[in-house]
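model_25.txt follows (compact mmCIF, N, CA and C atoms):
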# COMPACT_ATOMS: atom_id res chain seq x y z
N MET A 578 -1.89 169.95 6.91
CA MET A 578 -1.61 169.02 7.96
C MET A 578 -0.10 168.98 8.21
N ALA A 579 0.29 169.12 9.49
CA ALA A 579 1.71 169.11 9.85
C ALA A 579 2.28 167.70 9.72
N PRO A 580 3.52 167.62 9.28
CA PRO A 580 4.13 166.29 9.16
C PRO A 580 4.37 165.67 10.54
N THR A 581 4.26 164.37 10.59
CA THR A 581 4.53 163.67 11.86
C THR A 581 6.03 163.53 12.05
N ILE A 582 6.44 163.66 13.29
CA ILE A 582 7.86 163.49 13.61
C ILE A 582 8.05 162.08 14.14
N PRO A 583 8.80 161.28 13.46
CA PRO A 583 9.00 159.90 13.91
C PRO A 583 9.67 159.85 15.28
N LEU A 584 9.22 158.93 16.09
CA LEU A 584 9.72 158.77 17.46
C LEU A 584 11.22 158.53 17.50
N LEU A 585 11.75 157.93 16.46
CA LEU A 585 13.17 157.59 16.46
C LEU A 585 14.04 158.61 15.73
N SER A 586 13.50 159.79 15.46
CA SER A 586 14.31 160.81 14.80
C SER A 586 15.10 161.60 15.85
N PRO A 587 16.26 162.14 15.46
CA PRO A 587 17.10 162.91 16.38
C PRO A 587 16.40 164.17 16.89
N TYR A 588 16.89 164.66 18.02
CA TYR A 588 16.32 165.87 18.62
C TYR A 588 17.42 166.65 19.32
N GLN A 589 17.48 167.94 19.08
CA GLN A 589 18.44 168.81 19.76
C GLN A 589 17.74 169.40 20.99
N MET A 590 18.17 168.99 22.18
CA MET A 590 17.58 169.47 23.43
C MET A 590 18.63 170.33 24.13
N GLY A 591 18.56 171.64 23.87
CA GLY A 591 19.59 172.53 24.39
C GLY A 591 20.94 172.11 23.86
N LYS A 592 21.89 171.84 24.76
CA LYS A 592 23.22 171.42 24.32
C LYS A 592 23.34 169.91 24.10
N PHE A 593 22.25 169.19 24.32
CA PHE A 593 22.27 167.73 24.20
C PHE A 593 21.72 167.28 22.85
N ASN A 594 22.50 166.45 22.16
CA ASN A 594 22.09 165.88 20.88
C ASN A 594 21.51 164.49 21.16
N LEU A 595 20.21 164.38 21.13
CA LEU A 595 19.57 163.09 21.36
C LEU A 595 19.39 162.39 20.01
N SER A 596 19.65 161.10 20.01
CA SER A 596 19.54 160.35 18.76
C SER A 596 18.12 159.89 18.48
N HIS A 597 17.26 160.00 19.48
CA HIS A 597 15.85 159.62 19.33
C HIS A 597 15.03 160.33 20.41
N ARG A 598 13.74 160.16 20.40
CA ARG A 598 12.85 160.87 21.32
C ARG A 598 12.21 159.95 22.36
N VAL A 599 12.75 158.78 22.54
CA VAL A 599 12.26 157.85 23.55
C VAL A 599 13.01 158.17 24.84
N VAL A 600 12.27 158.48 25.91
CA VAL A 600 12.87 158.90 27.18
C VAL A 600 12.43 157.95 28.29
N LEU A 601 13.39 157.56 29.15
CA LEU A 601 13.01 156.84 30.36
C LEU A 601 12.50 157.90 31.33
N ALA A 602 11.22 157.86 31.58
CA ALA A 602 10.58 158.86 32.43
C ALA A 602 10.93 158.63 33.90
N PRO A 603 10.83 159.69 34.71
CA PRO A 603 11.09 159.53 36.14
C PRO A 603 10.06 158.61 36.78
N LEU A 604 10.49 157.97 37.84
CA LEU A 604 9.64 156.99 38.52
C LEU A 604 10.06 156.91 39.97
N THR A 605 9.42 156.09 40.74
CA THR A 605 9.82 155.83 42.11
C THR A 605 10.00 154.33 42.24
N ARG A 606 11.24 153.89 42.48
CA ARG A 606 11.55 152.47 42.51
C ARG A 606 11.48 151.90 43.92
N ASP A 607 11.72 152.71 44.95
CA ASP A 607 11.70 152.25 46.35
C ASP A 607 12.67 151.10 46.59
N ARG A 608 13.89 151.24 46.08
CA ARG A 608 14.90 150.18 46.25
C ARG A 608 16.25 150.75 46.71
N SER A 609 16.20 151.88 47.38
CA SER A 609 17.43 152.54 47.85
C SER A 609 17.42 152.56 49.37
N TYR A 610 17.92 151.52 49.96
CA TYR A 610 17.85 151.35 51.41
C TYR A 610 18.71 152.38 52.12
N ASP A 611 18.17 152.93 53.21
CA ASP A 611 18.81 154.00 53.98
C ASP A 611 19.09 155.22 53.09
N ASN A 612 18.25 155.43 52.12
CA ASN A 612 18.35 156.55 51.18
C ASN A 612 19.63 156.54 50.34
N LEU A 613 20.25 155.39 50.23
CA LEU A 613 21.45 155.25 49.40
C LEU A 613 21.11 154.52 48.11
N PRO A 614 21.45 155.11 46.96
CA PRO A 614 21.28 154.37 45.72
C PRO A 614 22.12 153.09 45.81
N GLN A 615 21.57 151.99 45.40
CA GLN A 615 22.22 150.69 45.52
C GLN A 615 22.98 150.34 44.25
N PRO A 616 24.00 149.49 44.37
CA PRO A 616 24.79 149.11 43.19
C PRO A 616 23.96 148.52 42.05
N HIS A 617 22.87 147.81 42.37
CA HIS A 617 22.06 147.22 41.30
C HIS A 617 21.41 148.27 40.40
N ALA A 618 21.34 149.51 40.86
CA ALA A 618 20.77 150.58 40.04
C ALA A 618 21.62 150.84 38.80
N ALA A 619 22.91 150.60 38.90
CA ALA A 619 23.78 150.77 37.72
C ALA A 619 23.34 149.83 36.60
N LEU A 620 23.03 148.60 36.95
CA LEU A 620 22.56 147.64 35.96
C LEU A 620 21.19 148.05 35.43
N TYR A 621 20.28 148.42 36.33
CA TYR A 621 18.93 148.81 35.93
C TYR A 621 18.96 149.95 34.90
N TYR A 622 19.66 151.03 35.24
CA TYR A 622 19.68 152.18 34.33
C TYR A 622 20.49 151.91 33.07
N SER A 623 21.63 151.22 33.19
CA SER A 623 22.45 150.99 31.99
C SER A 623 21.75 150.05 31.00
N GLN A 624 20.89 149.16 31.50
CA GLN A 624 20.13 148.30 30.58
C GLN A 624 19.14 149.12 29.75
N ARG A 625 18.78 150.27 30.21
CA ARG A 625 17.81 151.12 29.52
C ARG A 625 18.47 152.26 28.75
N ALA A 626 19.78 152.34 28.84
CA ALA A 626 20.53 153.41 28.19
C ALA A 626 20.84 153.06 26.74
N THR A 627 20.79 154.06 25.89
CA THR A 627 21.15 153.90 24.48
C THR A 627 22.02 155.08 24.06
N GLU A 628 22.78 154.89 23.02
CA GLU A 628 23.61 155.98 22.49
C GLU A 628 22.71 157.16 22.12
N GLY A 629 22.95 158.31 22.75
CA GLY A 629 22.16 159.50 22.47
C GLY A 629 20.78 159.50 23.09
N GLY A 630 20.51 158.57 24.01
CA GLY A 630 19.21 158.53 24.68
C GLY A 630 19.17 159.42 25.92
N LEU A 631 17.99 159.64 26.44
CA LEU A 631 17.80 160.45 27.64
C LEU A 631 17.10 159.60 28.71
N LEU A 632 17.71 159.56 29.90
CA LEU A 632 17.12 158.88 31.05
C LEU A 632 16.97 159.89 32.17
N ILE A 633 15.87 159.80 32.90
CA ILE A 633 15.65 160.64 34.08
C ILE A 633 15.55 159.70 35.28
N THR A 634 16.31 159.99 36.32
CA THR A 634 16.36 159.10 37.48
C THR A 634 15.02 159.03 38.20
N GLU A 635 14.96 158.04 39.06
CA GLU A 635 13.86 157.97 40.00
C GLU A 635 13.88 159.20 40.88
N ALA A 636 12.76 159.49 41.53
CA ALA A 636 12.66 160.64 42.43
C ALA A 636 13.76 160.55 43.48
N THR A 637 14.53 161.62 43.62
CA THR A 637 15.70 161.64 44.50
C THR A 637 15.57 162.78 45.49
N GLY A 638 15.48 162.44 46.77
CA GLY A 638 15.26 163.44 47.82
C GLY A 638 16.40 164.41 47.98
N ILE A 639 16.05 165.66 48.30
CA ILE A 639 17.05 166.72 48.45
C ILE A 639 17.46 166.94 49.90
N SER A 640 16.74 166.35 50.86
CA SER A 640 17.12 166.47 52.27
C SER A 640 16.40 165.40 53.07
N ASN A 641 16.87 165.15 54.26
CA ASN A 641 16.24 164.16 55.12
C ASN A 641 14.81 164.56 55.46
N THR A 642 14.53 165.84 55.48
CA THR A 642 13.17 166.30 55.80
C THR A 642 12.29 166.35 54.56
N ALA A 643 12.82 165.95 53.41
CA ALA A 643 12.05 165.95 52.16
C ALA A 643 11.46 164.59 51.84
N GLN A 644 11.77 163.59 52.66
CA GLN A 644 11.36 162.22 52.39
C GLN A 644 9.89 161.99 52.68
N GLY A 645 9.27 161.18 51.85
CA GLY A 645 7.87 160.84 52.04
C GLY A 645 7.57 159.40 51.71
N TYR A 646 8.51 158.72 51.11
CA TYR A 646 8.31 157.34 50.72
C TYR A 646 9.51 156.52 51.17
N PRO A 647 9.31 155.29 51.56
CA PRO A 647 10.44 154.48 52.03
C PRO A 647 11.37 154.07 50.90
N ASP A 648 12.62 153.91 51.25
CA ASP A 648 13.63 153.33 50.34
C ASP A 648 13.83 154.11 49.04
N THR A 649 13.71 155.43 49.12
CA THR A 649 13.99 156.26 47.96
C THR A 649 15.38 156.87 48.12
N PRO A 650 16.09 157.09 47.01
CA PRO A 650 17.46 157.60 47.12
C PRO A 650 17.48 159.07 47.48
N GLY A 651 18.61 159.47 48.01
CA GLY A 651 18.83 160.89 48.30
C GLY A 651 20.06 161.38 47.58
N ILE A 652 20.26 162.70 47.70
CA ILE A 652 21.44 163.31 47.12
C ILE A 652 21.93 164.45 48.01
N TRP A 653 21.61 164.37 49.32
CA TRP A 653 21.98 165.45 50.23
C TRP A 653 23.22 165.16 51.07
N THR A 654 23.78 163.95 50.99
CA THR A 654 25.01 163.66 51.74
C THR A 654 26.11 163.26 50.76
N LYS A 655 27.35 163.38 51.22
CA LYS A 655 28.48 162.97 50.39
C LYS A 655 28.40 161.49 50.06
N GLU A 656 27.97 160.68 51.02
CA GLU A 656 27.85 159.23 50.81
C GLU A 656 26.84 158.92 49.69
N GLN A 657 25.74 159.65 49.65
CA GLN A 657 24.74 159.45 48.60
C GLN A 657 25.29 159.87 47.24
N VAL A 658 25.95 161.01 47.20
CA VAL A 658 26.54 161.49 45.94
C VAL A 658 27.54 160.45 45.42
N GLU A 659 28.37 159.93 46.31
CA GLU A 659 29.36 158.92 45.91
C GLU A 659 28.67 157.65 45.40
N ALA A 660 27.55 157.27 46.02
CA ALA A 660 26.81 156.07 45.58
C ALA A 660 26.21 156.26 44.19
N TRP A 661 25.88 157.50 43.82
CA TRP A 661 25.33 157.77 42.50
C TRP A 661 26.39 157.68 41.40
N LYS A 662 27.64 157.94 41.73
CA LYS A 662 28.69 158.04 40.70
C LYS A 662 28.82 156.80 39.81
N PRO A 663 28.89 155.58 40.37
CA PRO A 663 28.99 154.42 39.46
C PRO A 663 27.74 154.22 38.61
N ILE A 664 26.61 154.65 39.09
CA ILE A 664 25.36 154.55 38.33
C ILE A 664 25.41 155.51 37.15
N VAL A 665 25.80 156.74 37.42
CA VAL A 665 25.93 157.75 36.36
C VAL A 665 26.97 157.30 35.35
N ASN A 666 28.10 156.79 35.82
CA ASN A 666 29.16 156.33 34.91
C ASN A 666 28.66 155.20 34.01
N ALA A 667 27.89 154.27 34.56
CA ALA A 667 27.37 153.15 33.75
C ALA A 667 26.47 153.65 32.63
N VAL A 668 25.66 154.66 32.92
CA VAL A 668 24.77 155.23 31.90
C VAL A 668 25.58 156.00 30.86
N HIS A 669 26.54 156.79 31.33
CA HIS A 669 27.36 157.57 30.39
C HIS A 669 28.20 156.66 29.50
N GLU A 670 28.64 155.52 30.02
CA GLU A 670 29.41 154.57 29.20
C GLU A 670 28.59 154.06 28.01
N LYS A 671 27.28 154.04 28.15
CA LYS A 671 26.41 153.62 27.05
C LYS A 671 26.10 154.78 26.10
N GLY A 672 26.56 155.99 26.46
CA GLY A 672 26.35 157.15 25.60
C GLY A 672 25.07 157.91 25.86
N SER A 673 24.39 157.64 26.96
CA SER A 673 23.13 158.32 27.27
C SER A 673 23.35 159.58 28.09
N VAL A 674 22.37 160.45 28.01
CA VAL A 674 22.28 161.64 28.86
C VAL A 674 21.46 161.23 30.07
N PHE A 675 21.86 161.67 31.27
CA PHE A 675 21.24 161.22 32.51
C PHE A 675 20.93 162.44 33.37
N PHE A 676 19.65 162.67 33.62
CA PHE A 676 19.23 163.77 34.49
C PHE A 676 18.74 163.19 35.81
N CYS A 677 18.98 163.92 36.89
CA CYS A 677 18.50 163.52 38.21
C CYS A 677 17.22 164.28 38.52
N GLN A 678 16.16 163.53 38.80
CA GLN A 678 14.90 164.15 39.21
C GLN A 678 14.99 164.40 40.71
N ILE A 679 15.18 165.66 41.10
CA ILE A 679 15.23 165.98 42.52
C ILE A 679 13.82 166.30 43.00
N TRP A 680 13.56 165.94 44.27
CA TRP A 680 12.21 166.18 44.78
C TRP A 680 12.20 166.47 46.27
N HIS A 681 11.14 167.12 46.65
CA HIS A 681 10.75 167.34 48.04
C HIS A 681 9.26 167.05 48.04
N VAL A 682 8.82 166.14 48.91
CA VAL A 682 7.43 165.71 48.82
C VAL A 682 6.44 166.65 49.49
N GLY A 683 6.91 167.81 49.91
CA GLY A 683 6.00 168.80 50.47
C GLY A 683 5.42 168.40 51.81
N ARG A 684 4.14 168.64 51.99
CA ARG A 684 3.53 168.38 53.30
C ARG A 684 3.48 166.90 53.66
N LEU A 685 3.72 166.04 52.71
CA LEU A 685 3.80 164.60 52.98
C LEU A 685 5.10 164.24 53.70
N SER A 686 6.07 165.19 53.72
CA SER A 686 7.38 164.93 54.30
C SER A 686 7.29 164.37 55.70
N ASN A 687 8.19 163.44 55.97
CA ASN A 687 8.26 162.81 57.28
C ASN A 687 9.74 162.69 57.63
N TYR A 688 10.19 163.47 58.59
CA TYR A 688 11.59 163.47 58.99
C TYR A 688 12.06 162.06 59.30
N GLY A 689 13.08 161.62 58.62
CA GLY A 689 13.65 160.31 58.86
C GLY A 689 12.83 159.16 58.30
N MET A 690 11.74 159.43 57.66
CA MET A 690 10.89 158.40 57.05
C MET A 690 10.60 157.27 58.02
N LEU A 691 10.01 157.60 59.16
CA LEU A 691 9.74 156.59 60.18
C LEU A 691 8.37 155.95 60.07
N CYS A 692 7.53 156.48 59.21
CA CYS A 692 6.18 155.92 59.15
C CYS A 692 6.11 154.75 58.17
N ILE A 693 5.10 153.95 58.32
CA ILE A 693 4.84 152.82 57.43
C ILE A 693 3.51 153.09 56.75
N TYR A 694 3.47 152.88 55.45
CA TYR A 694 2.25 153.11 54.69
C TYR A 694 1.46 151.82 54.54
N THR A 695 0.18 151.91 54.72
CA THR A 695 -0.68 150.76 54.46
C THR A 695 -1.75 151.17 53.48
N PHE A 696 -2.15 150.26 52.69
CA PHE A 696 -3.19 150.52 51.70
C PHE A 696 -4.29 149.49 51.90
N SER A 697 -5.51 149.98 51.94
CA SER A 697 -6.63 149.03 52.08
C SER A 697 -7.40 148.98 50.78
N HIS A 698 -8.08 147.90 50.57
CA HIS A 698 -8.87 147.71 49.35
C HIS A 698 -10.28 148.18 49.58
Rendering of file as structure tokens:
Amino acid sequence: MAPTIPLLSPYQMGKFNLSHRVVLAPLTRDRSYDNLPQPHAALYYSQRATEGGLLITEATGISNTAQGYPDTPGIWTKEQVEAWKPIVNAVHEKGSVFFCQIWHVGRLSNYGMLCIYTFSH
């Protein structure tokens, strides 16, 4: 029987030395108005950051034609990149590794995200 690896044991992930194996998984927060990451995201991510931890950002669009959900952040303009910088800095100040989950929603894409989604029960 193979020994169990404790969740809080260190892990070498390529060039990154993680102090534990707990990862903030990617998600979709829908709180980035006009596709700009908002200042409150720095607090959100830094509250989840730990020394040697790994965080993966919310789904981040790669172009205006890649959007499929409202209020998701982008990374295709200089303004968006600049908006990410204080968020990344807040996470790095806590000693965490921070990866950006880039995405294109494929055929769901809607140029300019002009549609409204409704869900029925």
Using only N, CA and C atoms, which protein or nucleic acid residues come within 6 Å of Val599 (chain A)? Drop anything in the same chain fewer than 2 positions from it, and give the result as a compact mmCIF listing (two decimals) with N, CA and C atoms, in the frame of the given file.
# COMPACT_ATOMS: atom_id res chain seq x y z
N LEU A 584 9.22 158.93 16.09
CA LEU A 584 9.72 158.77 17.46
C LEU A 584 11.22 158.53 17.50
N HIS A 597 17.26 160.00 19.48
CA HIS A 597 15.85 159.62 19.33
C HIS A 597 15.03 160.33 20.41
N LEU A 601 13.39 157.56 29.15
CA LEU A 601 13.01 156.84 30.36
C LEU A 601 12.50 157.90 31.33
N LEU A 631 17.99 159.64 26.44
CA LEU A 631 17.80 160.45 27.64
C LEU A 631 17.10 159.60 28.71
**Message:** With all atoms listed in the file as the counted atoms, please give the residues lying no more than 8 Å from region 633-649 of chain A, apart from itself and same-chain residues fewer than 3 positions off, as a count of residues only.
**Reply:** 40
**Item:** Filtered DSSP result for chain A, state alpha helix (DSSP H), as a ChimeraX atom specification
**Value:** /A:617-624,655-670
**Request:** Find the residues near Phe593 (chain A): any atom within 8 Å, counting only N, CA and C atoms, skip ones fewer than 3 places away on the same chain, and give them as number ranges by chain.
**Result:** A: 588-590, 596, 629, 674
**Request:** Determine which residues of chain A receive a DSSP assignment of strand (DSSP E or B), computed from the backbone, and state them as a ChimeraX atom specification.
**Result:** /A:588-590,593-595,600-601,631-633,637-638,651,674-676,679-680
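Among A:Pro616, A:Leu585, A:Leu632, A:Tyr622, the residue with the shortest atom-to-atom distance to Ala660 (chain A), counting all atoms listed in the file, is A:Pro616.
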If we count all atoms listed in the file and set the cut-off at 6 Å, which residues sit around region 624-626 of chain A, ignoring sequence neighbours fewer than 4 positions away in its own chain? Please answer as a JSON list (two decimals) with N, CA and C atoms, keeping the file's coordinate frame.
[["chain", "number", "residue", "atom", "x", "y", "z"],
["A", 619, "ALA", "N", 22.91, 150.60, 38.90],
["A", 619, "ALA", "CA", 23.78, 150.77, 37.72],
["A", 619, "ALA", "C", 23.34, 149.83, 36.60],
["A", 620, "LEU", "N", 23.03, 148.60, 36.95],
["A", 620, "LEU", "CA", 22.56, 147.64, 35.96],
["A", 620, "LEU", "C", 21.19, 148.05, 35.43],
["A", 668, "VAL", "N", 25.66, 154.66, 32.92],
["A", 668, "VAL", "CA", 24.77, 155.23, 31.90],
["A", 668, "VAL", "C", 25.58, 156.00, 30.86],
["A", 671, "LYS", "N", 27.28, 154.04, 28.15],
["A", 671, "LYS", "CA", 26.41, 153.62, 27.05],
["A", 671, "LYS", "C", 26.10, 154.78, 26.10],
["A", 673, "SER", "N", 24.39, 157.64, 26.96],
["A", 673, "SER", "CA", 23.13, 158.32, 27.27],
["A", 673, "SER", "C", 23.35, 159.58, 28.09]]
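If all atoms listed in the file are the atoms counted, then among A:Ser623, A:Pro650, A:Glu628, A:Lys655 the closest residue to Gly672 (chain A) is A:Glu628.
Across the structure, CA of Arg598 (chain A) and CA of Thr581 (chain A) are spaced 12.9 Å apart.
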**Prompt:** Quick one, how far is atom C of Lys662 (chain A) from CA of His617 (chain A)?
**Reply:** 11.8 Å
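Each of A:Ile582, A:Pro587, A:Leu595, A:Trp661 was compared to Gln615 (chain A) using all atoms listed in the file, and A:Trp661 turns out to be the nearest.
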